[in-house]
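Taking it in order: structure first as structure tokens, then the write-up.
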Amino acid sequence: MSVLVQLFANRQFQSIAFVQMMTIFSTNILSPILPVHFKMQGLSESEIGLVMGIISLGALLVRPWSGMSVDLRGSRSTILFGQTLTIIGVAAFLWTTNFWSLLLLRFFQGIAMAFYGTGAITFASCVETPENTSAAIAYFSLFTMIGLGIGTSAAPLVYGSVGFLPVIAISLAAVLGATGFMWINSKPVPRCGSDLRAPFRAVLTTKVVLAPSICLFASNFALGTAFTFVPLLSLSRGIAHYFVFFVAFSIAVVCARLGVQHINSRWGSVKTSIGASLLNALSALLLAIIPSVLTYAVAGVLIGFGFGIVYPTLAGYLVEHVNPANKGTALSILSGAGDIGNALGASVLGIVAQTMGFTAVFSAAALVIVLCTYYFQRALLTSRQFRMH
């Protein structure tokens with residue numbers, strides 16, 4: 001408990017925790033309703049998948065620059081730049097209505113997400129002493145999940161009650177408030193390492209970065225698939241109350257983030273990540289076999305615990321093992337792998353949904369998760385180069 005008290009007495013941690021919660025709330029109050037809103041505008045399942053997934057392509061393409069921006073210019077300035085782009089991206093929904101303009105807008109939002117996200121996780125990993133870094137990442141990610149949970153749970157209800165434009169207004173208000181708070185309440189943090197930086201490609205190809213990145217790819221592949229296609233599956237089957245999935249996910253993911261540090265200390269980062277990935281696979285299989293309101297709740301709990309555990313565990317493992325001078329670059333690679341997972345889960349499986357149906361979508365997602373988790377296990381758990389933590 002003393003570590004928790006120390007973290008929340010740290011003004012810098014207070015700043016990034018609140019800002020992360022509000023920024024993530026801003027983006028995720030839109031995520032669950034966009035597929036439904038786009039469907040109502042006449043877009044097909046494949047078009048919806050591309051529009052939802054291209055945000056991750058935009059983020060992926062600028063990840064090397066977002067990581068270098070953090071390493072060279074500092075995380076606070078990178079956060080503020082990303083938040084400014086986010087404000088523009090949310091406001092632009094007011095005048096984008098057709099497929100091509102939405103595709104371009106979501107690509108732009110991915111660029112904003114890359115700069116903000118890389119800056120935020122690096123800021124959180126640098127504001128505490130080395131012995132408290134893992135705890136800082138874990139509790140930072142807890143606030144991520146609080147923002148995500150509130151946003152995704154409230155979105156279908158708010159959208160159903162008042163429509164699309166008020167949701168945009170709420171999203172804008174949240175990110176504007178977060179940006180102002182970051183500007184006023186935080187200060188720049190020292191860079192976390194020396195000037196002995198390795199090239200981007202050298203960092204990417206190290207097993208200690210590549211294997212966790214592939215594991216996170218699988219986790220985000222599952223999440224991107226679920227967030228895009230659970231609402232569409234509900235529409236196709238006439239299943240009411242699909243928000244149950246998002247509520248269950250939100251509760252589970254917050255509970256997971258509260259307990260992730262204890263789980264890691266008991267089982268080690270690698271084994272914990274493997275178990276969390278398998279929960280994601282089980283969630284996808286459940287949605288593939290017997291979709292219903294009840295199974296939505298169970299699947300939401302499973303993927304909530306899986307996703308809630310895997311990201312802070314992998315980020316903490318990576319921070320412990322990379323050269324501090326390359327921390328921003330390494331975290332940008334990890335986040336970039338998540339971007340790819342989100343993009344493929346939404347866009348490629350959108351084509352599968354239109355041609356083969358939703359059972360094939362969720363079955364494919366489960367298979368991808370299992371294959372990636374097997375590689376992660378082979379690369380780290382059985383490797384003599386790395387100790388288990």
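Going by the structure tokens order, chains are called A, B, ..., each with residues numbered from 1, while ligands are numbered from 1 in the order shown.
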Tell me, as a compact mmCIF listing (two decimals) with N, CA, C and O atoms, in the first residue's frame, which residues lie within 8 Å of range 147-153 of chain A, counting only C-alpha atoms; anything in the same chain fewer than 5 positions away does not count.
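Writing the result to part_32.txt gives the following:
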# COMPACT_ATOMS: atom_id res chain seq x y z
N GLN A 20 -4.81 10.76 -18.78
CA GLN A 20 -5.03 9.52 -19.51
C GLN A 20 -6.48 9.07 -19.41
O GLN A 20 -7.10 8.68 -20.41
N MET A 21 -7.04 9.13 -18.23
CA MET A 21 -8.43 8.71 -18.04
C MET A 21 -9.37 9.54 -18.92
O MET A 21 -10.25 8.99 -19.60
N MET A 22 -9.19 10.85 -18.93
CA MET A 22 -10.09 11.71 -19.69
C MET A 22 -9.88 11.59 -21.20
O MET A 22 -10.84 11.62 -21.97
N THR A 23 -8.63 11.45 -21.63
CA THR A 23 -8.36 11.31 -23.07
C THR A 23 -8.90 9.99 -23.59
O THR A 23 -9.52 9.93 -24.67
N ILE A 24 -8.69 8.92 -22.84
CA ILE A 24 -9.20 7.61 -23.26
C ILE A 24 -10.72 7.59 -23.23
O ILE A 24 -11.37 7.01 -24.11
N PHE A 25 -11.32 8.22 -22.23
CA PHE A 25 -12.78 8.34 -22.21
C PHE A 25 -13.27 9.05 -23.46
O PHE A 25 -14.25 8.63 -24.10
N SER A 26 -12.58 10.12 -23.85
CA SER A 26 -12.98 10.91 -25.02
C SER A 26 -13.03 10.06 -26.28
O SER A 26 -13.98 10.15 -27.06
N THR A 27 -12.01 9.24 -26.49
CA THR A 27 -11.97 8.44 -27.72
C THR A 27 -12.88 7.21 -27.64
O THR A 27 -13.44 6.80 -28.66
N ASN A 28 -13.05 6.66 -26.45
CA ASN A 28 -13.80 5.42 -26.34
C ASN A 28 -15.29 5.60 -26.10
O ASN A 28 -16.04 4.62 -26.15
N ILE A 29 -15.73 6.82 -25.88
CA ILE A 29 -17.19 7.02 -25.88
C ILE A 29 -17.70 6.99 -27.32
O ILE A 29 -18.90 6.84 -27.57
N LEU A 30 -16.78 7.09 -28.28
CA LEU A 30 -17.16 6.98 -29.69
C LEU A 30 -17.05 5.55 -30.23
O LEU A 30 -17.84 5.15 -31.08
N SER A 31 -16.07 4.79 -29.74
CA SER A 31 -15.75 3.49 -30.36
C SER A 31 -16.94 2.54 -30.50
O SER A 31 -17.16 1.98 -31.58
N PRO A 32 -17.74 2.29 -29.45
CA PRO A 32 -18.81 1.30 -29.61
C PRO A 32 -19.95 1.74 -30.52
O PRO A 32 -20.68 0.89 -31.05
N PHE A 243 -24.92 -3.73 -25.24
CA PHE A 243 -24.08 -2.96 -24.32
C PHE A 243 -23.64 -3.81 -23.13
O PHE A 243 -22.69 -3.45 -22.42
N PHE A 246 -20.03 -4.59 -23.30
CA PHE A 246 -19.14 -3.48 -22.97
C PHE A 246 -19.13 -3.19 -21.47
O PHE A 246 -18.09 -2.84 -20.90
N VAL A 247 -20.27 -3.34 -20.82
CA VAL A 247 -20.33 -3.14 -19.37
C VAL A 247 -19.50 -4.21 -18.66
O VAL A 247 -18.70 -3.92 -17.76
N PHE A 249 -17.09 -6.01 -19.93
CA PHE A 249 -15.68 -5.75 -20.26
C PHE A 249 -15.11 -4.66 -19.36
O PHE A 249 -14.01 -4.79 -18.81
N SER A 250 -15.86 -3.59 -19.18
CA SER A 250 -15.37 -2.45 -18.41
C SER A 250 -15.11 -2.82 -16.96
O SER A 250 -14.08 -2.45 -16.39
N ILE A 251 -16.04 -3.54 -16.35
CA ILE A 251 -15.86 -3.93 -14.96
C ILE A 251 -14.68 -4.87 -14.81
O ILE A 251 -13.83 -4.71 -13.92
N VAL A 253 -12.05 -5.27 -16.78
CA VAL A 253 -10.75 -4.71 -17.11
C VAL A 253 -10.23 -3.83 -15.97
O VAL A 253 -9.02 -3.82 -15.69
N VAL A 254 -11.11 -3.13 -15.28
CA VAL A 254 -10.69 -2.34 -14.12
C VAL A 254 -10.23 -3.26 -12.99
O VAL A 254 -9.20 -3.03 -12.35
Spatial neighbours of Leu94 in chain A, max dist 10 Å, only C-alpha atoms, sep filter under 4 positions, as JSON, numbers by chain: {"A": [89, 90, 164, 165, 168, 169]}
Pull N, CA and C atoms from the residues just selected and write them as a PDB file, in the first residue's frame.
ATOM      1  N   GLY A  89      -9.394  15.840 -34.691  1.00  0.00           N
ATOM      2  CA  GLY A  89      -9.990  14.620 -35.228  1.00  0.00           C
ATOM      3  C   GLY A  89     -11.404  14.373 -34.747  1.00  0.00           C
ATOM      4  N   VAL A  90     -11.682  14.651 -33.479  1.00  0.00           N
ATOM      5  CA  VAL A  90     -13.040  14.474 -32.967  1.00  0.00           C
ATOM      6  C   VAL A  90     -13.987  15.506 -33.570  1.00  0.00           C
ATOM      7  N   PHE A 164     -26.096  11.150 -32.057  1.00  0.00           N
ATOM      8  CA  PHE A 164     -24.660  11.169 -32.340  1.00  0.00           C
ATOM      9  C   PHE A 164     -23.996  12.488 -31.952  1.00  0.00           C
ATOM     10  N   LEU A 165     -24.590  13.612 -32.277  1.00  0.00           N
ATOM     11  CA  LEU A 165     -23.945  14.912 -32.055  1.00  0.00           C
ATOM     12  C   LEU A 165     -23.655  15.195 -30.579  1.00  0.00           C
ATOM     13  N   ILE A 168     -20.469  13.457 -29.666  1.00  0.00           N
ATOM     14  CA  ILE A 168     -19.310  14.202 -30.155  1.00  0.00           C
ATOM     15  C   ILE A 168     -18.991  15.360 -29.209  1.00  0.00           C
ATOM     16  N   ALA A 169     -20.014  16.073 -28.738  1.00  0.00           N
ATOM     17  CA  ALA A 169     -19.800  17.194 -27.828  1.00  0.00           C
ATOM     18  C   ALA A 169     -19.166  16.734 -26.514  1.00  0.00           C
TER      19      ALA A 169
END
Counting only C-alpha atoms, what are the residues of range 16-38 of chain A within 10 Å of range 49-66 of chain A, and for each of them which pair of atoms is the nearest and at what distance in Å, to one decimal? Sort the table by chain and rising number, as CSV.
residue,atom,partner,partner_atom,distance
A:Ser31,CA,A:Met52,CA,8.6
A:Leu34,CA,A:Met52,CA,8.0
A:Pro35,CA,A:Met52,CA,7.6
A:Phe38,CA,A:Val51,CA,9.1
Residue neighbourhood range 200-216 of chain A, 6 Å, only C-alpha atoms, exclusion window fewer than 2 positions, as a ChimeraX atom specification: /A:218-219,314,334,337-338,372-373,376
Within 12 Å of Ser44 in chain A using only C-alpha atoms, minus same-chain residues under 5 positions, as a list in words: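 The neighbour list is Pro35, Val36, His37, Phe38, Lys39, Gly49, Leu50, Val51, Asn98, Phe99, Leu232, Ser347, Gly350, Ile351, Ala353, Gln354 and Thr355 of chain A.
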For Gly275 in chain A, the nearest of the candidates A:Ser332, A:Leu258, A:Leu287, A:Val370, counting only C-alpha atoms: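 The answer is A:Val370, which sits nearest to Gly275 in chain A.
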For Gly180 in chain A, the nearest of the candidates A:Ser273, A:His241, A:Leu80, A:Ala135, counting only C-alpha atoms: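 Of the candidates, the smallest distance to Gly180 in chain A is held by A:Leu80.
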Which residue of A:Ile263, A:Val244, A:Ser363, A:Trp100 approaches Leu282 in chain A most closely, using only C-alpha atoms: A:Ser363
Expected answer as a PyMOL selection string: alpha helix (DSSP H) residues in range 2-106 of chain A: chain A and resi 2-8+11-28+34-40+45-73+75-91+99-106
Output for the residues just chosen: C-alpha atoms as a CSV table (one decimal), in the first residue's frame:
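Saved as selection.csv:
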chain,number,residue,atom,x,y,z
A,2,SER,CA,2.9,2.3,0.6
A,3,VAL,CA,3.8,2.2,-3.1
A,4,LEU,CA,0.2,3.2,-3.9
A,5,VAL,CA,0.3,6.1,-1.5
A,6,GLN,CA,3.7,7.3,-2.8
A,7,LEU,CA,2.4,7.2,-6.4
A,8,PHE,CA,-0.7,9.3,-5.6
A,11,ARG,CA,1.9,15.4,-8.7
A,12,GLN,CA,3.3,14.2,-12.0
A,13,PHE,CA,1.6,10.8,-11.6
A,14,GLN,CA,-1.6,12.5,-10.6
A,15,SER,CA,-1.4,14.6,-13.8
A,16,ILE,CA,-0.8,11.8,-16.2
A,17,ALA,CA,-3.3,9.5,-14.5
A,18,PHE,CA,-6.2,12.0,-14.8
A,19,VAL,CA,-5.2,13.1,-18.3
A,20,GLN,CA,-5.0,9.5,-19.5
A,21,MET,CA,-8.4,8.7,-18.0
A,22,MET,CA,-10.1,11.7,-19.7
A,23,THR,CA,-8.4,11.3,-23.1
A,24,ILE,CA,-9.2,7.6,-23.3
A,25,PHE,CA,-12.8,8.3,-22.2
A,26,SER,CA,-13.0,10.9,-25.0
A,27,THR,CA,-12.0,8.4,-27.7
A,28,ASN,CA,-13.8,5.4,-26.3
A,34,LEU,CA,-19.3,4.2,-34.6
A,35,PRO,CA,-20.0,0.8,-36.3
A,36,VAL,CA,-23.7,1.2,-35.7
A,37,HIS,CA,-23.7,4.9,-36.8
A,38,PHE,CA,-21.8,4.0,-40.0
A,39,LYS,CA,-24.3,1.2,-40.6
A,40,MET,CA,-27.2,3.5,-40.3
A,45,GLU,CA,-19.6,-4.4,-43.2
A,46,SER,CA,-16.4,-4.4,-45.2
A,47,GLU,CA,-16.4,-0.6,-45.4
A,48,ILE,CA,-17.1,-0.3,-41.7
A,49,GLY,CA,-14.2,-2.6,-41.0
A,50,LEU,CA,-11.9,-0.5,-43.1
A,51,VAL,CA,-13.0,2.7,-41.5
A,52,MET,CA,-12.7,1.3,-38.0
A,53,GLY,CA,-9.3,-0.4,-38.7
A,54,ILE,CA,-7.5,2.3,-40.6
A,55,ILE,CA,-7.0,4.3,-37.4
A,56,SER,CA,-4.4,1.7,-36.4
A,57,LEU,CA,-2.7,2.0,-39.8
A,58,GLY,CA,-2.3,5.7,-39.3
A,59,ALA,CA,-0.9,5.1,-35.8
A,60,LEU,CA,1.4,2.4,-37.0
A,61,LEU,CA,3.0,4.5,-39.8
A,62,VAL,CA,4.1,7.2,-37.4
A,63,ARG,CA,5.1,5.1,-34.5
A,64,PRO,CA,8.8,5.4,-35.3
A,65,TRP,CA,8.5,9.2,-35.3
A,66,SER,CA,6.4,9.3,-32.1
A,67,GLY,CA,9.0,7.2,-30.3
A,68,MET,CA,11.9,9.4,-31.5
A,69,SER,CA,9.9,12.4,-30.6
A,70,VAL,CA,9.7,11.2,-27.0
A,71,ASP,CA,13.3,10.1,-26.8
A,72,LEU,CA,14.6,13.4,-28.3
A,73,ARG,CA,12.0,16.1,-27.3
A,75,SER,CA,7.1,13.0,-23.4
A,76,ARG,CA,5.1,16.0,-22.3
A,77,SER,CA,5.5,17.9,-25.6
A,78,THR,CA,4.6,14.8,-27.5
A,79,ILE,CA,1.5,14.3,-25.4
A,80,LEU,CA,0.3,17.9,-26.0
A,81,PHE,CA,0.9,17.5,-29.7
A,82,GLY,CA,-1.1,14.3,-29.8
A,83,GLN,CA,-3.9,15.8,-27.8
A,84,THR,CA,-4.1,18.8,-30.2
A,85,LEU,CA,-4.5,16.4,-33.1
A,86,THR,CA,-7.1,14.4,-31.2
A,87,ILE,CA,-9.2,17.5,-30.7
A,88,ILE,CA,-9.1,18.2,-34.4
A,89,GLY,CA,-10.0,14.6,-35.2
A,90,VAL,CA,-13.0,14.5,-33.0
A,91,ALA,CA,-14.4,17.8,-34.2
A,99,PHE,CA,-16.9,6.6,-46.8
A,100,TRP,CA,-13.7,8.3,-48.2
A,101,SER,CA,-13.8,11.3,-45.9
A,102,LEU,CA,-14.4,9.0,-42.9
A,103,LEU,CA,-11.5,6.8,-44.0
A,104,LEU,CA,-9.2,9.8,-44.2
A,105,LEU,CA,-10.4,11.1,-40.8
A,106,ARG,CA,-9.8,7.8,-39.0
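Distances here use only C-alpha atoms; by that measure, the residue among A:Ile239, A:Leu157, A:Ala92, A:Ala222 closest to Leu172 in chain A is A:Ala92.
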